[in-house]
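Data from model_19.json: JSON, C-alpha atoms
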[["chain", "number", "residue", "atom", "x", "y", "z"],
["A", 283, "MET", "CA", -7.32, 35.94, 12.69],
["A", 284, "THR", "CA", -6.54, 32.28, 13.17],
["A", 285, "GLY", "CA", -8.09, 29.21, 11.62],
["A", 286, "GLU", "CA", -10.06, 26.51, 13.34],
["A", 287, "ARG", "CA", -6.87, 24.67, 14.35],
["A", 288, "GLY", "CA", -5.12, 27.83, 15.45],
["A", 289, "TYR", "CA", -3.56, 28.64, 12.07],
["A", 290, "ASN", "CA", -2.27, 32.15, 11.46],
["A", 291, "ASP", "CA", -3.24, 34.06, 8.30],
["A", 292, "HIS", "CA", -0.18, 32.85, 6.37],
["A", 293, "GLU", "CA", -0.83, 29.21, 7.25],
["A", 294, "THR", "CA", -4.54, 29.49, 6.46],
["A", 295, "LYS", "CA", -3.78, 31.01, 3.02],
["A", 296, "LEU", "CA", -1.17, 28.32, 2.33],
["A", 297, "LEU", "CA", -3.65, 25.54, 3.17],
["A", 298, "GLU", "CA", -6.32, 27.20, 1.01],
["A", 299, "ASN", "CA", -3.91, 27.46, -1.95],
["A", 300, "VAL", "CA", -2.95, 23.78, -1.69],
["A", 301, "GLU", "CA", -6.62, 22.80, -1.53],
["A", 302, "LYS", "CA", -7.64, 25.04, -4.43],
["A", 303, "HIS", "CA", -4.61, 24.79, -6.76],
["A", 304, "GLY", "CA", -2.79, 21.62, -5.69],
["A", 305, "CYS", "CA", 0.18, 23.53, -4.33],
["A", 306, "GLN", "CA", 1.50, 26.86, -3.24],
["A", 307, "VAL", "CA", 4.65, 28.15, -4.88],
["A", 308, "THR", "CA", 6.80, 30.15, -2.49],
["A", 309, "PHE", "CA", 9.39, 32.60, -3.81],
["A", 310, "VAL", "CA", 12.48, 33.35, -1.71],
["A", 311, "PHE", "CA", 15.03, 36.05, -2.42],
["A", 312, "ASP", "CA", 18.16, 37.39, -0.81],
["A", 313, "ALA", "CA", 17.71, 41.14, -0.32],
["A", 314, "ASP", "CA", 21.49, 41.56, -0.46],
["A", 315, "GLY", "CA", 21.73, 39.66, -3.74],
["A", 316, "ASP", "CA", 24.43, 37.33, -2.43],
["A", 317, "GLU", "CA", 22.42, 34.12, -2.94],
["A", 318, "PRO", "CA", 20.29, 33.10, -5.92],
["A", 319, "ASP", "CA", 16.52, 33.56, -5.77],
["A", 320, "PHE", "CA", 14.44, 30.39, -5.74],
["A", 321, "CYS", "CA", 10.92, 28.98, -5.72],
["A", 322, "TYR", "CA", 9.67, 25.79, -4.12],
["A", 323, "SER", "CA", 6.41, 23.90, -4.00],
["A", 324, "ILE", "CA", 4.27, 23.24, -0.98],
["A", 325, "GLY", "CA", 1.59, 20.59, -1.21],
["A", 326, "PHE", "CA", 2.83, 18.14, -3.86],
["A", 327, "SER", "CA", 2.98, 15.53, -1.11],
["A", 328, "GLN", "CA", -0.74, 15.92, -0.47],
["A", 329, "SER", "CA", -2.22, 16.74, -3.88],
["A", 330, "ILE", "CA", -0.22, 14.37, -6.12],
["A", 331, "SER", "CA", 1.54, 12.11, -3.59],
["A", 332, "GLN", "CA", 4.96, 13.13, -4.85],
["A", 333, "PRO", "CA", 7.92, 15.01, -3.34],
["A", 334, "GLU", "CA", 8.17, 18.78, -3.36],
["A", 335, "VAL", "CA", 10.32, 20.55, -5.98],
["A", 336, "ILE", "CA", 12.65, 23.54, -5.89],
["A", 337, "VAL", "CA", 14.26, 25.62, -8.64],
["A", 338, "PHE", "CA", 16.92, 28.34, -8.39],
["A", 339, "GLY", "CA", 18.37, 31.26, -10.27],
["A", 340, "LEU", "CA", 15.79, 32.26, -12.87],
["A", 341, "PRO", "CA", 13.24, 35.10, -12.97],
["A", 342, "ARG", "CA", 10.45, 34.72, -10.43],
["A", 343, "LYS", "CA", 7.59, 34.26, -12.91],
["A", 344, "LEU", "CA", 9.53, 31.66, -14.88],
["A", 345, "MET", "CA", 10.40, 29.62, -11.79],
["A", 346, "HIS", "CA", 6.77, 29.83, -10.60],
["A", 347, "SER", "CA", 5.62, 28.61, -14.01],
["A", 348, "MET", "CA", 8.14, 25.74, -13.96],
["A", 349, "VAL", "CA", 6.86, 24.47, -10.59],
["A", 350, "ASN", "CA", 3.24, 24.68, -11.74],
["A", 351, "ASN", "CA", 4.15, 22.93, -15.02],
["A", 352, "VAL", "CA", 5.72, 20.05, -13.08],
["A", 353, "LEU", "CA", 2.55, 19.80, -10.99],
["A", 354, "GLU", "CA", 0.44, 19.61, -14.16],
["A", 355, "GLN", "CA", 2.72, 17.01, -15.75],
["A", 356, "CYS", "CA", 2.46, 14.92, -12.56],
["A", 357, "ARG", "CA", -1.33, 15.15, -12.71],
["A", 358, "ASN", "CA", -0.98, 13.70, -16.22],
["A", 359, "GLY", "CA", 1.11, 10.73, -15.06],
["A", 360, "LEU", "CA", 4.69, 11.99, -14.68],
["A", 361, "VAL", "CA", 6.48, 10.27, -11.78],
["A", 362, "LEU", "CA", 9.33, 12.32, -10.32],
["A", 363, "ALA", "CA", 12.69, 10.55, -10.08],
["A", 364, "ASP", "CA", 16.38, 11.40, -9.81],
["A", 365, "GLY", "CA", 17.84, 12.05, -13.25],
["A", 366, "LEU", "CA", 14.44, 12.43, -14.91],
["A", 367, "VAL", "CA", 14.54, 14.62, -18.01],
["A", 368, "ILE", "CA", 11.56, 16.98, -18.14],
["A", 369, "HIS", "CA", 10.43, 18.69, -21.30],
["A", 370, "GLY", "CA", 8.29, 21.80, -21.57],
["A", 371, "LEU", "CA", 9.65, 23.84, -18.67],
["A", 372, "LEU", "CA", 12.07, 26.01, -20.67],
["A", 373, "GLU", "CA", 11.63, 26.80, -24.32],
["A", 374, "GLY", "CA", 14.25, 25.00, -26.40],
["A", 375, "HIS", "CA", 15.80, 23.13, -23.45],
["A", 376, "VAL", "CA", 15.14, 20.19, -21.17],
["A", 377, "CYS", "CA", 15.54, 20.26, -17.40],
["A", 378, "ILE", "CA", 16.75, 17.43, -15.19],
["A", 379, "LEU", "CA", 15.51, 16.49, -11.72],
["A", 380, "ARG", "CA", 18.05, 15.76, -9.01],
["A", 381, "SER", "CA", 17.21, 14.28, -5.62],
["A", 382, "VAL", "CA", 17.82, 16.75, -2.83],
["A", 383, "HIS", "CA", 20.19, 15.27, -0.24],
["A", 384, "ILE", "CA", 18.42, 14.86, 3.12],
["A", 385, "SER", "CA", 20.93, 17.23, 4.76],
["A", 386, "GLN", "CA", 19.77, 19.97, 2.36],
["A", 387, "ILE", "CA", 16.10, 19.68, 3.36],
["A", 388, "VAL", "CA", 16.33, 22.59, 5.76],
["A", 389, "GLY", "CA", 14.21, 25.60, 6.65],
["A", 390, "GLU", "CA", 16.45, 27.86, 4.56],
["A", 391, "TYR", "CA", 15.18, 26.11, 1.43],
["A", 392, "PHE", "CA", 11.92, 24.38, 2.41],
["A", 393, "GLY", "CA", 10.60, 26.20, 5.49],
["A", 394, "SER", "CA", 6.87, 26.28, 4.74],
["A", 395, "ALA", "CA", 6.94, 22.89, 3.01],
["A", 396, "MET", "CA", 8.49, 21.40, 6.14],
["A", 397, "TRP", "CA", 5.77, 22.99, 8.30],
["A", 398, "PHE", "CA", 3.06, 21.77, 5.91],
["A", 399, "HIS", "CA", 4.37, 18.19, 5.93],
["A", 400, "ARG", "CA", 4.55, 18.08, 9.73],
["A", 401, "ASP", "CA", 1.07, 19.62, 10.03],
["A", 402, "GLN", "CA", -0.64, 17.42, 7.44],
["A", 403, "PHE", "CA", 1.24, 14.13, 7.88],
["A", 404, "GLY", "CA", 2.75, 14.33, 11.37],
["A", 405, "SER", "CA", 6.22, 13.57, 9.99],
["A", 406, "GLU", "CA", 9.27, 15.34, 8.66],
["A", 407, "LEU", "CA", 9.79, 16.20, 5.00],
["A", 408, "VAL", "CA", 12.51, 13.79, 3.85],
["A", 409, "GLU", "CA", 12.32, 13.87, 0.05],
["A", 410, "ALA", "CA", 12.42, 16.63, -2.56],
["A", 411, "PHE", "CA", 13.72, 17.23, -6.06],
["A", 412, "GLN", "CA", 15.65, 20.12, -7.55],
["A", 413, "ILE", "CA", 14.75, 21.20, -11.08],
["A", 414, "VAL", "CA", 18.12, 21.86, -12.74],
["A", 415, "TRP", "CA", 18.30, 23.86, -15.96],
["A", 416, "PRO", "CA", 21.06, 24.24, -18.55],
["A", 417, "GLY", "CA", 22.76, 27.36, -19.84],
["A", 418, "ALA", "CA", 20.72, 29.03, -22.59],
["A", 419, "LYS", "CA", 23.68, 29.46, -24.94],
["A", 420, "ASP", "CA", 25.60, 26.21, -24.54],
["A", 421, "GLY", "CA", 22.97, 23.85, -23.11],
["A", 422, "LYS", "CA", 25.40, 22.70, -20.40],
["A", 423, "PHE", "CA", 24.21, 21.71, -16.94],
["A", 424, "PRO", "CA", 26.13, 22.80, -13.82],
["A", 425, "TRP", "CA", 27.85, 19.39, -13.57],
["A", 426, "ASP", "CA", 28.98, 19.38, -17.23],
["A", 427, "GLU", "CA", 32.62, 20.01, -18.03],
["A", 428, "ASN", "CA", 33.17, 23.64, -19.01],
["A", 429, "SER", "CA", 29.75, 24.79, -17.82],
["A", 430, "SER", "CA", 29.76, 28.48, -17.05],
["A", 431, "LYS", "CA", 30.43, 29.81, -13.57],
["A", 432, "GLU", "CA", 27.12, 31.73, -13.79],
["A", 433, "ILE", "CA", 25.11, 28.53, -14.33],
["A", 434, "ARG", "CA", 26.89, 26.78, -11.44],
["A", 435, "SER", "CA", 26.57, 29.70, -9.01],
["A", 436, "ALA", "CA", 22.88, 30.22, -9.83],
["A", 437, "GLN", "CA", 22.00, 26.64, -8.83],
["A", 438, "PRO", "CA", 23.37, 25.26, -5.56],
["A", 439, "ALA", "CA", 23.98, 21.51, -5.84],
["A", 440, "LEU", "CA", 21.35, 20.35, -3.34],
["A", 441, "CYS", "CA", 22.02, 16.75, -4.41],
["A", 442, "GLU", "CA", 25.28, 16.94, -2.46],
["A", 443, "PRO", "CA", 25.52, 16.73, 1.34],
["A", 444, "ARG", "CA", 25.35, 20.06, 3.15],
["A", 445, "LEU", "CA", 28.72, 21.27, 4.36],
["A", 446, "ALA", "CA", 29.01, 21.89, 8.09],
["A", 447, "ALA", "CA", 29.02, 25.59, 8.93]]

Transcribe the structure of this file into structure tokens.
Amino acid sequence: MTGERGYNDHETKLLENVEKHGCQVTFVFDADGDEPDFCYSIGFSQSISQPEVIVFGLPRKLMHSMVNNVLEQCRNGLVLADGLVIHGLLEGHVCILRSVHISQIVGEYFGSAMWFHRDQFGSELVEAFQIVWPGAKDGKFPWDENSSKEIRSAQPALCEPRLAA
């Protein structure tokens, strides 16, 4: 089945979710377990006129909840910005937004969001934010001195330019 504009079932469901809920949260995992799992939003650009967000390395339900919480905070006036401290995403900790470097806005991380932006706006997705979280025990972010290797490896630094393959 395709939609009125020739959408496939996946695209139709995505568009319906954005219309109904304000976004779709897509979960991506590496079946081999070599790369951290992540979730990203699709539809922030349309529903709240703000960039999409992405979060890595936590349990699926928690990441999904974090993205939806950011959406709700934006509906209540939050304006996303690089370095913004966000409360209420993780119990007992704050998270920090980091601008995703344009070279990191790739299909590997934002595939359906890129499609959505082209389809709805006729242009490429050029802005997104990464929700970065601290270690539960020490409260250190990946960029902090002496942050754990686990915290750093769970959250790729999308604020940095992508290295050539």

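Coordinates place atom CA of Cys377 of chain A at a distance of 12.8 Å from atom CA of Leu340 of chain A.
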
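The closest residue to Val408 of chain A, picked from A:Arg357, A:His346, A:His375, A:His383 and counting only C-alpha atoms, is A:His383.
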
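Taking all atoms listed in the file into account, Ile413 of chain A lies nearest to A:Cys321 out of the set A:Glu390, A:Cys321, A:Arg400, A:Glu442.
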
Requested in this report: Within 8 Å of Leu362 of chain A, counting all atoms listed in the file, which residues show up once you throw out same-chain ones fewer than 6 positions away? Write them as a PyMOL selection string, please.
Outcome: chain A and resi 332-333+356+379+411

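Pairwise distance (atom CA of Gly325 of chain A, atom CA of Met348 of chain A) equals 15.2 Å.
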
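Ranking A:Phe423, A:Phe403, A:Trp415, A:Tyr322 by their shortest atom-to-atom distance to Gly389 of chain A, with only C-alpha atoms included, puts A:Tyr322 first.
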
Report task. Within 6 Å of Arg380 of chain A, counting only C-alpha atoms, which residues show up once you throw out same-chain ones fewer than 5 positions away? Write them as JSON, numbers by chain, please. Result -> {"A": [364, 365, 411, 412]}

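For the point (16.1, 23.0, 0.3) in file coordinates, the residues within 10 Å, using all atoms listed in the file, are Phe320, Cys321, Tyr322, Glu334, Val335, Ile336, Val337, Val382, His383, Ile384, Ser385, Gln386, Ile387, Val388, Gly389, Glu390, Tyr391, Phe392, Gly393, Ala395, Met396, Glu409, Ala410, Phe411, Gln412, Pro438, Leu440 and Cys441 of chain A.
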
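Using only C-alpha atoms, the smallest distance between any of A:Pro424, A:Pro416, A:Lys431, A:His399 and Leu372 of chain A comes from A:Pro416.
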
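Taking atom CA of Ser381 of chain A and atom CA of Thr294 of chain A as the two end points, the separation is 29.2 Å.
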
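Minimum atom-to-atom distance to Leu296 of chain A, evaluated using all atoms listed in the file, belongs to A:Thr308 out of A:Glu354, A:Thr308, A:Gly339, A:Glu427.
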
Around all of segment 396-406 of chain A's listed atoms, make the axis-aligned box with 5 Å on each side and tell me centre and edge lengths in Å to one decimal, as AutoDock Vina command-line options.
--center_x 4.3 --center_y 18.3 --center_z 8.6 --size_x 19.9 --size_y 19.4 --size_z 15.5

Kindly write N, CA and C atoms of segment 300-320 of chain A from the structure just given to a file, as a PDB file, in the first residue's frame.
ATOM      1  N   VAL A 300       4.195  11.814  13.177  1.00  0.00           N
ATOM      2  CA  VAL A 300       4.578  13.223  13.334  1.00  0.00           C
ATOM      3  C   VAL A 300       3.326  14.075  13.479  1.00  0.00           C
ATOM      4  N   GLU A 301       2.333  13.802  12.652  1.00  0.00           N
ATOM      5  CA  GLU A 301       1.077  14.565  12.723  1.00  0.00           C
ATOM      6  C   GLU A 301       0.380  14.363  14.064  1.00  0.00           C
ATOM      7  N   LYS A 302       0.315  13.137  14.521  1.00  0.00           N
ATOM      8  CA  LYS A 302      -0.436  12.802  15.741  1.00  0.00           C
ATOM      9  C   LYS A 302       0.322  13.157  17.020  1.00  0.00           C
ATOM     10  N   HIS A 303       1.637  12.873  17.056  1.00  0.00           N
ATOM     11  CA  HIS A 303       2.407  12.997  18.298  1.00  0.00           C
ATOM     12  C   HIS A 303       3.409  14.153  18.302  1.00  0.00           C
ATOM     13  N   GLY A 304       3.670  14.750  17.152  1.00  0.00           N
ATOM     14  CA  GLY A 304       4.666  15.814  17.070  1.00  0.00           C
ATOM     15  C   GLY A 304       6.023  15.333  16.624  1.00  0.00           C
ATOM     16  N   CYS A 305       6.246  14.027  16.718  1.00  0.00           N
ATOM     17  CA  CYS A 305       7.491  13.444  16.207  1.00  0.00           C
ATOM     18  C   CYS A 305       7.370  11.938  16.185  1.00  0.00           C
ATOM     19  N   GLN A 306       8.288  11.330  15.507  1.00  0.00           N
ATOM     20  CA  GLN A 306       8.502   9.893  15.617  1.00  0.00           C
ATOM     21  C   GLN A 306       9.882   9.730  16.213  1.00  0.00           C
ATOM     22  N   VAL A 307      10.027   8.789  17.115  1.00  0.00           N
ATOM     23  CA  VAL A 307      11.338   8.472  17.674  1.00  0.00           C
ATOM     24  C   VAL A 307      11.772   7.157  17.058  1.00  0.00           C
ATOM     25  N   THR A 308      12.906   7.188  16.382  1.00  0.00           N
ATOM     26  CA  THR A 308      13.421   5.989  15.727  1.00  0.00           C
ATOM     27  C   THR A 308      14.600   5.442  16.523  1.00  0.00           C
ATOM     28  N   PHE A 309      14.546   4.159  16.793  1.00  0.00           N
ATOM     29  CA  PHE A 309      15.592   3.451  17.534  1.00  0.00           C
ATOM     30  C   PHE A 309      16.471   2.699  16.542  1.00  0.00           C
ATOM     31  N   VAL A 310      17.776   2.808  16.702  1.00  0.00           N
ATOM     32  CA  VAL A 310      18.735   2.129  15.825  1.00  0.00           C
ATOM     33  C   VAL A 310      19.697   1.334  16.698  1.00  0.00           C
ATOM     34  N   PHE A 311      19.940   0.100  16.303  1.00  0.00           N
ATOM     35  CA  PHE A 311      20.882  -0.725  17.057  1.00  0.00           C
ATOM     36  C   PHE A 311      21.813  -1.455  16.111  1.00  0.00           C
ATOM     37  N   ASP A 312      22.964  -1.802  16.643  1.00  0.00           N
ATOM     38  CA  ASP A 312      23.958  -2.570  15.901  1.00  0.00           C
ATOM     39  C   ASP A 312      23.808  -4.025  16.343  1.00  0.00           C
ATOM     40  N   ALA A 313      23.353  -4.878  15.445  1.00  0.00           N
ATOM     41  CA  ALA A 313      23.111  -6.280  15.781  1.00  0.00           C
ATOM     42  C   ALA A 313      24.371  -6.970  16.296  1.00  0.00           C
ATOM     43  N   ASP A 314      25.538  -6.490  15.865  1.00  0.00           N
ATOM     44  CA  ASP A 314      26.791  -7.084  16.316  1.00  0.00           C
ATOM     45  C   ASP A 314      27.239  -6.532  17.661  1.00  0.00           C
ATOM     46  N   GLY A 315      26.628  -5.443  18.100  1.00  0.00           N
ATOM     47  CA  GLY A 315      26.992  -4.853  19.388  1.00  0.00           C
ATOM     48  C   GLY A 315      28.288  -4.064  19.372  1.00  0.00           C
ATOM     49  N   ASP A 316      28.790  -3.737  18.178  1.00  0.00           N
ATOM     50  CA  ASP A 316      30.042  -2.989  18.089  1.00  0.00           C
ATOM     51  C   ASP A 316      29.852  -1.493  18.313  1.00  0.00           C
ATOM     52  N   GLU A 317      28.683  -0.983  17.943  1.00  0.00           N
ATOM     53  CA  GLU A 317      28.382   0.450  18.060  1.00  0.00           C
ATOM     54  C   GLU A 317      27.253   0.652  19.055  1.00  0.00           C
ATOM     55  N   PRO A 318      27.226   1.813  19.732  1.00  0.00           N
ATOM     56  CA  PRO A 318      26.149   2.041  20.702  1.00  0.00           C
ATOM     57  C   PRO A 318      24.789   2.214  20.022  1.00  0.00           C
ATOM     58  N   ASP A 319      23.754   1.739  20.706  1.00  0.00           N
ATOM     59  CA  ASP A 319      22.383   1.967  20.248  1.00  0.00           C
ATOM     60  C   ASP A 319      22.084   3.453  20.352  1.00  0.00           C
ATOM     61  N   PHE A 320      21.094   3.914  19.566  1.00  0.00           N
ATOM     62  CA  PHE A 320      20.690   5.316  19.678  1.00  0.00           C
ATOM     63  C   PHE A 320      19.258   5.510  19.218  1.00  0.00           C
TER      64      PHE A 320
END
